[in-house]
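As structure tokens, the structure follows; a few thoughts come after it.
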Amino acid sequence: MLNKYVLIVLLFVVWMLFLDTNSWLIHKELDQEIKELKDNKEYYIKEIVKDQKDIKVLKDSNELEKFAREEYFMKRDNEEIYIIEYEDSIPKK
């Protein structure tokens with residue numbers, strides 16, 4: 001009689017851990033996915049805060065002009081721009 005119950009309990013445990021739709025393995029995968037999503041959420045929250053600071057700074061016309069000149073090489077009509085590249089800053093093919 002004892003063997004019969006042990007076998008039934010063992011089968012139940014195996015079924016619940018590995019074969020059921022809500023098995024331990026699936027829960028483990030879902031927990032890992034939740035962890036990754038939380039990490040992504042933290043990263044994007046930091047990026048949003050950084051971008052909000054940048055937007056606040058760019059509301060000043062002098063800062064906006066500086067940003068446009070540095071990032072997009074914009075210039076005034078009466079100016080010339082010379083871009084100097086050093087050998088160590090040129091990507092190798």
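Quick note on naming: the chains in the structure tokens go A, B, ... in the order shown, residues restart at 1 in each chain, and ligands are numbered from 1 in order of appearance.
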Please list as a tab-separated table (two decimals) with C-alpha atoms, in the first residue's frame every residue within 12 Å of region 75-91 of chain A, counting only C-alpha atoms and excluding residues in the same chain fewer than 5 positions away.
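Result saved to result-v5.tsv:
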```
chain	number	residue	atom	x	y	z
A	65	GLU	CA	22.24	76.75	-31.48
A	66	LYS	CA	25.24	75.07	-29.82
A	67	PHE	CA	23.55	71.67	-30.10
A	68	ALA	CA	22.69	72.21	-33.78
A	69	ARG	CA	26.25	73.27	-34.56
A	70	GLU	CA	27.86	70.34	-32.72
```
Give the alpha helix (DSSP H) residues of chain A, as assigned by DSSP on the backbone, as a ChimeraX atom specification.
/A:2-14,24-58,61-72
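Counting from CA of Lys92 (chain A), the distance to CA of Glu71 (chain A) is 21.9 Å.
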To one decimal in Å, tell me the separation between CA of Glu63 (chain A) and CA of Tyr43 (chain A).
26.0 Å
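Between CA of Ile45 (chain A) and CA of Ile26 (chain A) there is a distance of 28.4 Å.
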